[in-house]
file query09.csv (CSV, C-alpha atoms)
chain,number,residue,atom,x,y,z
A,1,MET,CA,-5.1,3.5,27.5
A,2,ASN,CA,-7.9,1.0,27.2
A,3,ASP,CA,-11.4,1.3,28.4
A,4,ILE,CA,-11.7,-1.8,30.5
A,5,SER,CA,-15.5,-1.5,30.7
A,6,SER,CA,-16.0,-1.5,27.0
A,7,THR,CA,-15.5,-5.2,26.2
A,8,VAL,CA,-19.0,-6.5,25.8
A,9,GLY,CA,-19.6,-9.7,27.8
A,10,ALA,CA,-16.1,-9.7,29.2
A,11,THR,CA,-15.1,-9.7,32.8
A,12,PRO,CA,-12.2,-7.2,33.1
A,13,PHE,CA,-8.9,-8.5,34.3
A,14,SER,CA,-8.6,-7.2,37.9
A,15,ILE,CA,-6.3,-7.3,40.8
A,16,GLY,CA,-7.3,-7.3,44.5
A,17,LEU,CA,-4.5,-5.4,46.3
A,18,THR,CA,-4.3,-5.7,50.1
A,19,GLY,CA,-1.9,-5.6,53.0
A,20,GLY,CA,-1.9,-4.9,56.7
A,21,ILE,CA,-2.1,-1.4,58.1
A,22,GLY,CA,1.1,0.5,57.4
A,23,SER,CA,2.2,-1.9,54.7
A,24,GLY,CA,2.2,0.7,52.0
A,25,LYS,CA,-0.9,-0.3,49.9
A,26,THR,CA,-1.5,3.3,48.8
A,27,THR,CA,2.0,3.9,47.6
A,28,VAL,CA,2.1,0.6,45.7
A,29,ALA,CA,-1.4,1.3,44.1
A,30,ASP,CA,-0.3,4.8,43.0
A,31,LEU,CA,2.8,3.3,41.3
A,32,PHE,CA,0.6,0.9,39.3
A,33,GLY,CA,-1.8,3.8,38.6
A,34,GLU,CA,1.1,5.9,37.2
A,35,ARG,CA,1.7,3.0,34.7
A,36,GLY,CA,-1.8,2.8,33.5
A,37,ALA,CA,-3.9,0.7,35.9
A,38,ALA,CA,-7.3,1.9,36.9
A,39,LEU,CA,-7.5,2.2,40.7
A,40,ILE,CA,-10.6,1.8,42.9
A,41,ASP,CA,-9.9,2.2,46.6
A,42,THR,CA,-12.6,0.8,48.8
A,43,ASP,CA,-11.3,2.7,51.9
A,44,ALA,CA,-11.5,6.0,50.0
A,45,ILE,CA,-15.1,5.0,49.0
A,46,ALA,CA,-15.9,4.3,52.7
A,47,HIS,CA,-14.5,7.7,53.6
A,48,GLN,CA,-16.6,9.5,51.0
A,49,LEU,CA,-19.7,7.8,52.3
A,50,THR,CA,-19.0,9.1,55.8
A,51,THR,CA,-18.2,12.8,54.9
A,52,PRO,CA,-20.7,15.6,55.4
A,53,GLY,CA,-23.7,14.7,53.3
A,54,GLY,CA,-22.4,11.2,52.6
A,55,ALA,CA,-24.8,8.5,51.8
A,56,ALA,CA,-24.1,6.6,55.0
A,57,ILE,CA,-24.5,9.5,57.4
A,58,ASP,CA,-28.2,9.2,58.1
A,59,ALA,CA,-28.0,5.5,58.7
A,60,ILE,CA,-25.0,5.9,61.0
A,61,ARG,CA,-26.8,8.6,63.0
A,62,ALA,CA,-29.9,6.3,63.3
A,63,THR,CA,-27.8,3.3,64.3
A,64,PHE,CA,-25.3,4.9,66.7
A,65,GLY,CA,-26.7,8.3,67.6
A,66,ASP,CA,-25.7,11.9,67.3
A,67,ASP,CA,-22.6,11.4,69.4
A,68,PHE,CA,-20.9,9.6,66.5
A,69,ILE,CA,-21.5,12.5,64.1
A,70,GLY,CA,-19.1,15.5,64.4
A,71,ALA,CA,-20.0,19.1,64.3
A,72,ASP,CA,-19.1,19.3,60.6
A,73,GLY,CA,-21.7,16.6,59.8
A,74,ALA,CA,-19.1,13.8,59.1
A,75,MET,CA,-18.8,10.6,61.0
A,76,ASP,CA,-16.5,11.1,64.0
A,77,ARG,CA,-13.9,8.6,62.8
A,78,PRO,CA,-11.7,8.5,65.9
A,79,ARG,CA,-14.7,8.0,68.2
A,80,MET,CA,-16.2,5.3,65.9
A,81,ARG,CA,-12.8,3.6,65.5
A,82,ALA,CA,-12.4,3.3,69.3
A,83,HIS,CA,-16.0,2.1,69.7
A,84,VAL,CA,-15.9,-0.7,67.1
A,85,PHE,CA,-12.5,-2.0,68.2
A,86,ALA,CA,-13.9,-2.3,71.7
A,87,ASP,CA,-17.2,-3.8,70.7
A,88,ALA,CA,-17.5,-6.5,68.1
A,89,GLY,CA,-21.3,-6.1,67.9
A,90,ALA,CA,-20.8,-2.4,67.1
A,91,ARG,CA,-18.3,-3.3,64.4
A,92,LYS,CA,-20.9,-5.6,62.8
A,93,ARG,CA,-23.6,-2.9,62.9
A,94,LEU,CA,-21.2,-0.4,61.2
A,95,GLU,CA,-20.4,-3.0,58.6
A,96,ALA,CA,-24.1,-3.7,58.0
A,97,VAL,CA,-24.5,0.1,57.2
A,98,LEU,CA,-21.3,0.5,55.1
A,99,HIS,CA,-20.7,-2.7,53.2
A,100,PRO,CA,-23.8,-2.6,51.0
A,101,LEU,CA,-23.1,1.0,50.1
A,102,ILE,CA,-19.4,0.3,49.4
A,103,ARG,CA,-20.3,-2.7,47.2
A,104,SER,CA,-22.7,-0.6,45.1
A,105,GLU,CA,-20.2,2.3,44.8
A,106,THR,CA,-17.4,-0.1,43.9
A,107,ALA,CA,-19.5,-1.7,41.2
A,108,ARG,CA,-20.4,1.7,39.8
A,109,ALA,CA,-16.8,2.8,39.8
A,110,ALA,CA,-15.7,-0.4,38.1
A,111,GLN,CA,-18.2,0.2,35.3
A,112,ALA,CA,-16.8,3.6,34.7
A,113,ALA,CA,-13.1,2.7,35.1
A,114,ARG,CA,-10.6,3.4,32.3
A,115,GLY,CA,-7.2,1.8,32.3
A,116,ASP,CA,-5.1,-1.1,31.1
A,117,TYR,CA,-6.4,-3.3,34.0
A,118,LEU,CA,-8.3,-2.7,37.2
A,119,ILE,CA,-6.9,-2.7,40.8
A,120,PHE,CA,-9.2,-2.9,43.7
A,121,VAL,CA,-7.5,-1.6,46.8
A,122,VAL,CA,-9.1,-3.5,49.7
A,123,PRO,CA,-7.6,-3.3,53.2
A,124,LEU,CA,-9.7,-6.2,54.6
A,125,LEU,CA,-9.7,-8.3,51.4
A,126,VAL,CA,-8.6,-11.5,53.1
A,127,GLU,CA,-11.0,-11.0,55.9
A,128,SER,CA,-14.0,-10.5,53.6
A,129,GLN,CA,-13.5,-13.8,51.6
A,130,GLN,CA,-15.7,-12.6,48.7
A,131,TRP,CA,-12.9,-10.9,46.8
A,132,ARG,CA,-11.2,-14.2,45.9
A,133,THR,CA,-14.0,-14.8,43.4
A,134,ARG,CA,-14.4,-11.2,42.3
A,135,THR,CA,-10.8,-10.6,41.1
A,136,SER,CA,-8.4,-12.3,38.8
A,137,ARG,CA,-5.5,-12.3,41.2
A,138,ILE,CA,-4.7,-11.3,44.8
A,139,LEU,CA,-1.6,-9.0,45.3
A,140,VAL,CA,-0.4,-8.6,48.9
A,141,VAL,CA,1.9,-5.8,50.0
A,142,ASP,CA,4.0,-7.3,52.7
A,143,CYS,CA,6.4,-6.0,55.4
A,144,SER,CA,7.5,-7.0,58.8
A,145,GLU,CA,5.2,-6.3,61.7
A,146,GLU,CA,7.8,-4.0,63.3
A,147,VAL,CA,7.9,-1.9,60.1
A,148,GLN,CA,4.1,-1.7,60.2
A,149,ILE,CA,4.0,-0.5,63.8
A,150,ALA,CA,6.7,2.1,63.3
A,151,ARG,CA,5.1,3.5,60.1
A,152,VAL,CA,1.6,3.8,61.7
A,153,MET,CA,2.9,5.3,64.9
A,154,GLN,CA,4.8,7.9,62.9
A,155,ARG,CA,2.0,8.6,60.4
A,156,ASN,CA,-1.0,8.6,62.7
A,157,GLY,CA,0.5,9.6,66.0
A,158,MET,CA,-0.8,6.4,67.6
A,159,THR,CA,0.7,4.5,70.5
A,160,ARG,CA,2.3,1.0,69.9
A,161,ALA,CA,-0.6,-0.5,71.8
A,162,GLN,CA,-3.2,1.2,69.6
A,163,VAL,CA,-1.5,0.0,66.4
A,164,GLU,CA,-1.1,-3.6,67.8
A,165,ALA,CA,-4.9,-3.6,68.6
A,166,ILE,CA,-5.7,-2.7,65.0
A,167,MET,CA,-3.4,-5.4,63.7
A,168,LYS,CA,-5.0,-8.0,65.9
A,169,ALA,CA,-8.4,-7.2,64.4
A,170,GLN,CA,-6.9,-7.8,60.9
A,171,ALA,CA,-5.9,-11.0,59.2
A,172,THR,CA,-2.4,-12.2,60.2
A,173,ARG,CA,0.6,-11.7,58.0
A,174,THR,CA,0.6,-15.5,57.4
A,175,GLU,CA,-3.0,-15.5,56.4
A,176,ARG,CA,-2.5,-12.7,53.9
A,177,LEU,CA,0.5,-14.4,52.3
A,178,ALA,CA,-1.4,-17.7,52.1
A,179,ALA,CA,-4.1,-15.9,50.0
A,180,ALA,CA,-1.6,-14.2,47.7
A,181,ASP,CA,-1.0,-14.9,44.0
A,182,ASP,CA,1.6,-12.2,44.0
A,183,VAL,CA,3.6,-10.5,46.8
A,184,ILE,CA,5.4,-7.1,46.9
A,185,GLU,CA,8.0,-6.8,49.7
A,186,ASN,CA,7.9,-3.3,51.2
A,187,ASN,CA,10.3,-3.2,54.1
A,188,GLY,CA,12.4,-0.4,52.4
A,189,ASP,CA,11.9,2.7,50.4
A,190,THR,CA,10.1,3.4,47.1
A,191,ALA,CA,13.3,2.7,45.1
A,192,ALA,CA,13.1,-0.9,46.3
A,193,LEU,CA,9.5,-1.1,45.1
A,194,LEU,CA,10.1,-0.1,41.5
A,195,PRO,CA,11.6,-3.3,40.1
A,196,GLN,CA,8.8,-5.3,41.7
A,197,ILE,CA,6.2,-3.0,40.3
A,198,GLU,CA,7.7,-3.1,36.8
A,199,ARG,CA,7.8,-6.9,36.8
A,200,LEU,CA,4.2,-7.3,37.9
A,201,HIS,CA,2.9,-4.5,35.7
A,202,ALA,CA,4.3,-6.3,32.6
A,203,LEU,CA,2.8,-9.6,33.8
A,204,TYR,CA,-0.6,-7.9,34.4
A,205,LEU,CA,-0.6,-6.2,31.0
A,206,ALA,CA,0.1,-9.6,29.3
A,207,MET,CA,-2.7,-11.3,31.4
A,208,ALA,CA,-5.2,-8.5,30.7
A,209,LYS,CA,-4.4,-8.8,26.9
A,210,THR,CA,-5.0,-12.6,27.1
A,211,ASN,CA,-8.2,-12.0,29.0
A,212,ARG,CA,-9.5,-9.5,26.4
A,213,ASP,CA,-8.4,-11.6,23.4
A,214,GLY,CA,-10.2,-14.6,24.9
A,215,HIS,CA,-13.5,-12.6,24.9
A,216,LEU,CA,-13.3,-11.4,21.3
call {"tool": "encode", "arguments": {"input": "query09.csv", "output": "structure tokens"}}
result
Amino acid sequence: MNDISSTVGATPFSIGLTGGIGSGKTTVADLFGERGAALIDTDAIAHQLTTPGGAAIDAIRATFGDDFIGADGAMDRPRMRAHVFADAGARKRLEAVLHPLIRSETARAAQAARGDYLIFVVPLLVESQQWRTRTSRILVVDCSEEVQIARVMQRNGMTRAQVEAIMKAQATRTERLAAADDVIENNGDTAALLPQIERLHALYLAMAKTNRDGHL
């Protein structure tokens, strides 16, 4: 396995992986990770920032008040989720707290990453715009909206209306596909993913090698 941070002066070959809620981003990312990719999940970073003692907790308390911090000292995620989906201004205030911290933690993780190439898992990649210039390619995990809804209802215990509200706050399926360099179709099971993963992994290995050789 290569150290992707060790090439002096080189920009590591990287993939921005995204998809709508319930599309299976984590499953797909983990399959690439099993094959040697280094994974950086921005949602996981955001979660770490809002756990007890996390770097964002004091700013969240100052911005939103004690009601949004649970008894365990973590951000009350269900309460915050409901608040920001109902109030666009609140969402922007939360983003103002979290996004700079996520960016700095993501950069730190990228510097320390080891793998054949780097995958950033970014749920709102298309919405943020900036990732188009920060990654070598955009990979979209795609599935039908009905499959998304069914998965999230089963996984999170949400109602159909709650899932649809989240989907409306995200980029549309059409917008994500328009931004994609590569697409993985995930309407089925893991077995259906494997040939797609293997094909793209081979492609990304070749591209990463070309990228490294070009910086020698």
call {"tool": "closest_residue", "arguments": {"input": "query09.csv", "among": "A:Ala55, A:Leu17, A:Thr133, A:Gly22", "to": "A:Met153", "atoms": "all atoms listed in the file"}}
result
A:Gly22
call {"tool": "residues_around", "arguments": {"input": "query09.csv", "residues": "A:His83", "least_positions_apart": "6", "cutoff": "12 Å", "atoms": "only C-alpha atoms", "output": "list in words"}}
result
Phe64, Asp67, Phe68, Asp76, Arg77, Gly89, Ala90, Arg91, Lys92, Arg93 and Leu94 of chain A
call {"tool": "residues_around", "arguments": {"input": "query09.csv", "residues": "A:Asp58", "least_positions_apart": "6", "cutoff": "12 Å", "atoms": "only C-alpha atoms", "output": "CSV table (one decimal) with C-alpha atoms, keeping the file's coordinate frame"}}
result
chain,number,residue,atom,x,y,z
A,49,LEU,CA,-19.7,7.8,52.3
A,50,THR,CA,-19.0,9.1,55.8
A,51,THR,CA,-18.2,12.8,54.9
A,52,PRO,CA,-20.7,15.6,55.4
A,64,PHE,CA,-25.3,4.9,66.7
A,65,GLY,CA,-26.7,8.3,67.6
A,66,ASP,CA,-25.7,11.9,67.3
A,68,PHE,CA,-20.9,9.6,66.5
A,69,ILE,CA,-21.5,12.5,64.1
A,73,GLY,CA,-21.7,16.6,59.8
A,74,ALA,CA,-19.1,13.8,59.1
A,75,MET,CA,-18.8,10.6,61.0
A,97,VAL,CA,-24.5,0.1,57.2
A,98,LEU,CA,-21.3,0.5,55.1
call {"tool": "closest_residue", "arguments": {"input": "query09.csv", "among": "A:Phe13, A:Ala165, A:Val122, A:Arg134", "to": "A:Ile149", "atoms": "all atoms listed in the file"}}
result
A:Ala165
call {"tool": "atom_distance", "arguments": {"input": "query09.csv", "atom1": "atom CA of A:Arg199", "atom2": "atom CA of A:Phe32"}}
result
10.9 Å
call {"tool": "residues_around", "arguments": {"input": "query09.csv", "residues": "A:Leu118", "least_positions_apart": "2", "cutoff": "9 Å", "atoms": "all atoms listed in the file", "output": "list in words"}}
result
Ile4, Pro12, Phe13, Ser14, Ile15, Gly16, Ala37, Ala38, Leu39, Ile40, Ala110, Ala113, Arg114, Gly115, Asp116 and Phe120 of chain A
call {"tool": "atom_distance", "arguments": {"input": "query09.csv", "atom1": "atom CA of A:Ser23", "atom2": "atom CA of A:Arg108"}}
result
27.3 Å
call {"tool": "residues_near_point", "arguments": {"input": "query09.csv", "point": "(-19.9, -3.4, 54.8)", "cutoff": "12 Å", "atoms": "only C-alpha atoms", "output": "VMD selection string"}}
result
chain A and resid 42 to 43 45 to 46 49 56 91 to 106 122 124 to 125 127 to 128 130
call {"tool": "residues_around", "arguments": {"input": "query09.csv", "residues": "A:His201", "least_positions_apart": "4", "cutoff": "9 Å", "atoms": "all atoms listed in the file", "output": "VMD selection string"}}
result
chain A and resid 32 35 to 37 196 to 197 205 to 206
call {"tool": "residues_around", "arguments": {"input": "query09.csv", "residues": "stretch 144-147 of chain A", "least_positions_apart": "2", "cutoff": "12 Å", "atoms": "all atoms listed in the file", "output": "ChimeraX atom specification"}}
result
/A:19-24,141-142,149-154,160,163-164,166-168,172-174,185-189
call {"tool": "write_last_selection", "arguments": {"input": "query09.csv", "atoms": "C-alpha atoms", "output": "short mmCIF file (atom, residue, chain, number, x, y, z; two decimals), keeping the file's coordinate frame"}}
result
data_model
loop_
_atom_site.label_atom_id
_atom_site.label_comp_id
_atom_site.auth_asym_id
_atom_site.auth_seq_id
_atom_site.Cartn_x
_atom_site.Cartn_y
_atom_site.Cartn_z
CA GLY A 19 -1.90 -5.60 53.00
CA GLY A 20 -1.90 -4.90 56.70
CA ILE A 21 -2.10 -1.40 58.10
CA GLY A 22 1.10 0.50 57.40
CA SER A 23 2.20 -1.90 54.70
CA GLY A 24 2.20 0.70 52.00
CA VAL A 141 1.90 -5.80 50.00
CA ASP A 142 4.00 -7.30 52.70
CA ILE A 149 4.00 -0.50 63.80
CA ALA A 150 6.70 2.10 63.30
CA ARG A 151 5.10 3.50 60.10
CA VAL A 152 1.60 3.80 61.70
CA MET A 153 2.90 5.30 64.90
CA GLN A 154 4.80 7.90 62.90
CA ARG A 160 2.30 1.00 69.90
CA VAL A 163 -1.50 0.00 66.40
CA GLU A 164 -1.10 -3.60 67.80
CA ILE A 166 -5.70 -2.70 65.00
CA MET A 167 -3.40 -5.40 63.70
CA LYS A 168 -5.00 -8.00 65.90
CA THR A 172 -2.40 -12.20 60.20
CA ARG A 173 0.60 -11.70 58.00
CA THR A 174 0.60 -15.50 57.40
CA GLU A 185 8.00 -6.80 49.70
CA ASN A 186 7.90 -3.30 51.20
CA ASN A 187 10.30 -3.20 54.10
CA GLY A 188 12.40 -0.40 52.40
CA ASP A 189 11.90 2.70 50.40
#
call {"tool": "atom_distance", "arguments": {"input": "query09.csv", "atom1": "atom CA of A:Gly53", "atom2": "atom CA of A:Asp87"}}
result
26.2 Å
call {"tool": "closest_residue", "arguments": {"input": "query09.csv", "among": "A:Gln148, A:Val28, A:Ala62, A:Ile119", "to": "A:Val183", "atoms": "all atoms listed in the file"}}
result
A:Val28
call {"tool": "closest_residue", "arguments": {"input": "query09.csv", "among": "A:Tyr117, A:Ala161, A:Ala178, A:Ile60", "to": "A:Leu203", "atoms": "only C-alpha atoms"}}
result
A:Tyr117
call {"tool": "axis_aligned_box", "arguments": {"input": "query09.csv", "around": "stretch 83-101 of chain A", "padding_each_side": "4 Å", "output": "lines of an AutoDock Vina configuration file"}}
result
center_x = -18.5
center_y = -2.2
center_z = 60.9
size_x = 20.0
size_y = 16.6
size_z = 29.6
call {"tool": "decode", "arguments": {"input": "query09.csv", "residues": "stretch 162-193 of chain A", "atoms": "N, CA and C atoms", "output": "mmCIF file, in the first residue's frame"}}
result
data_model
loop_
_atom_site.group_PDB
_atom_site.id
_atom_site.type_symbol
_atom_site.label_atom_id
_atom_site.label_comp_id
_atom_site.auth_asym_id
_atom_site.auth_seq_id
_atom_site.Cartn_x
_atom_site.Cartn_y
_atom_site.Cartn_z
ATOM 1 N N GLN A 162 -40.872 12.487 6.384
ATOM 2 C CA GLN A 162 -39.588 12.957 6.922
ATOM 3 C C GLN A 162 -38.447 12.706 5.940
ATOM 4 N N VAL A 163 -38.443 11.530 5.327
ATOM 5 C CA VAL A 163 -37.389 11.214 4.362
ATOM 6 C C VAL A 163 -37.499 12.115 3.140
ATOM 7 N N GLU A 164 -38.706 12.323 2.665
ATOM 8 C CA GLU A 164 -38.896 13.178 1.492
ATOM 9 C C GLU A 164 -38.460 14.613 1.771
ATOM 10 N N ALA A 165 -38.661 15.086 3.010
ATOM 11 C CA ALA A 165 -38.227 16.439 3.374
ATOM 12 C C ALA A 165 -36.708 16.552 3.310
ATOM 13 N N ILE A 166 -36.006 15.515 3.785
ATOM 14 C CA ILE A 166 -34.549 15.517 3.708
ATOM 15 C C ILE A 166 -34.098 15.512 2.248
ATOM 16 N N MET A 167 -34.739 14.686 1.432
ATOM 17 C CA MET A 167 -34.366 14.596 0.021
ATOM 18 C C MET A 167 -34.573 15.925 -0.698
ATOM 19 N N LYS A 168 -35.621 16.649 -0.328
ATOM 20 C CA LYS A 168 -35.891 17.940 -0.969
ATOM 21 C C LYS A 168 -34.828 18.974 -0.623
ATOM 22 N N ALA A 169 -34.175 18.794 0.517
ATOM 23 C CA ALA A 169 -33.118 19.722 0.934
ATOM 24 C C ALA A 169 -31.778 19.386 0.280
ATOM 25 N N GLN A 170 -31.694 18.233 -0.389
ATOM 26 C CA GLN A 170 -30.465 17.816 -1.059
ATOM 27 C C GLN A 170 -30.561 18.099 -2.556
ATOM 28 N N ALA A 171 -29.435 17.992 -3.237
ATOM 29 C CA ALA A 171 -29.444 18.070 -4.699
ATOM 30 C C ALA A 171 -30.354 16.978 -5.248
ATOM 31 N N THR A 172 -30.909 17.219 -6.413
ATOM 32 C CA THR A 172 -31.756 16.212 -7.034
ATOM 33 C C THR A 172 -30.901 15.094 -7.623
ATOM 34 N N ARG A 173 -31.551 13.996 -7.897
ATOM 35 C CA ARG A 173 -30.860 12.879 -8.548
ATOM 36 C C ARG A 173 -30.268 13.337 -9.874
ATOM 37 N N THR A 174 -31.008 14.119 -10.626
ATOM 38 C CA THR A 174 -30.533 14.616 -11.929
ATOM 39 C C THR A 174 -29.301 15.488 -11.765
ATOM 40 N N GLU A 175 -29.294 16.356 -10.757
ATOM 41 C CA GLU A 175 -28.143 17.239 -10.512
ATOM 42 C C GLU A 175 -26.908 16.428 -10.137
ATOM 43 N N ARG A 176 -27.069 15.403 -9.311
ATOM 44 C CA ARG A 176 -25.915 14.578 -8.933
ATOM 45 C C ARG A 176 -25.349 13.854 -10.153
ATOM 46 N N LEU A 177 -26.226 13.271 -10.950
ATOM 47 C CA LEU A 177 -25.749 12.530 -12.128
ATOM 48 C C LEU A 177 -25.060 13.456 -13.118
ATOM 49 N N ALA A 178 -25.539 14.687 -13.228
ATOM 50 C CA ALA A 178 -24.909 15.646 -14.137
ATOM 51 C C ALA A 178 -23.498 16.006 -13.691
ATOM 52 N N ALA A 179 -23.240 15.938 -12.379
ATOM 53 C CA ALA A 179 -21.915 16.279 -11.838
ATOM 54 C C ALA A 179 -20.949 15.108 -11.879
ATOM 55 N N ALA A 180 -21.436 13.915 -12.175
ATOM 56 C CA ALA A 180 -20.633 12.696 -12.023
ATOM 57 C C ALA A 180 -19.672 12.461 -13.174
ATOM 58 N N ASP A 181 -18.452 12.039 -12.817
ATOM 59 C CA ASP A 181 -17.541 11.433 -13.796
ATOM 60 C C ASP A 181 -17.808 9.935 -13.888
ATOM 61 N N ASP A 182 -18.166 9.346 -12.753
ATOM 62 C CA ASP A 182 -18.431 7.904 -12.675
ATOM 63 C C ASP A 182 -19.694 7.691 -11.858
ATOM 64 N N VAL A 183 -20.423 6.613 -12.173
ATOM 65 C CA VAL A 183 -21.665 6.300 -11.474
ATOM 66 C C VAL A 183 -21.668 4.824 -11.092
ATOM 67 N N ILE A 184 -22.061 4.557 -9.855
ATOM 68 C CA ILE A 184 -22.321 3.187 -9.416
ATOM 69 C C ILE A 184 -23.814 3.065 -9.155
ATOM 70 N N GLU A 185 -24.442 2.095 -9.805
ATOM 71 C CA GLU A 185 -25.882 1.861 -9.630
ATOM 72 C C GLU A 185 -26.085 0.924 -8.456
ATOM 73 N N ASN A 186 -26.922 1.341 -7.493
ATOM 74 C CA ASN A 186 -27.093 0.571 -6.263
ATOM 75 C C ASN A 186 -28.564 0.385 -5.916
ATOM 76 N N ASN A 187 -29.315 -0.160 -6.868
ATOM 77 C CA ASN A 187 -30.704 -0.490 -6.595
ATOM 78 C C ASN A 187 -30.861 -1.888 -6.011
ATOM 79 N N GLY A 188 -29.792 -2.688 -6.065
ATOM 80 C CA GLY A 188 -29.875 -4.069 -5.622
ATOM 81 C C GLY A 188 -29.072 -4.350 -4.382
ATOM 82 N N ASP A 189 -28.427 -5.527 -4.357
ATOM 83 C CA ASP A 189 -27.666 -5.941 -3.183
ATOM 84 C C ASP A 189 -26.175 -5.754 -3.413
ATOM 85 N N THR A 190 -25.383 -6.141 -2.411
ATOM 86 C CA THR A 190 -23.934 -5.958 -2.492
ATOM 87 C C THR A 190 -23.329 -6.737 -3.652
ATOM 88 N N ALA A 191 -23.872 -7.913 -3.940
ATOM 89 C CA ALA A 191 -23.332 -8.722 -5.042
ATOM 90 C C ALA A 191 -23.374 -7.959 -6.358
ATOM 91 N N ALA A 192 -24.412 -7.144 -6.544
ATOM 92 C CA ALA A 192 -24.518 -6.360 -7.781
ATOM 93 C C ALA A 192 -23.524 -5.207 -7.815
ATOM 94 N N LEU A 193 -23.033 -4.804 -6.648
ATOM 95 C CA LEU A 193 -22.052 -3.720 -6.596
ATOM 96 C C LEU A 193 -20.652 -4.176 -7.004
#
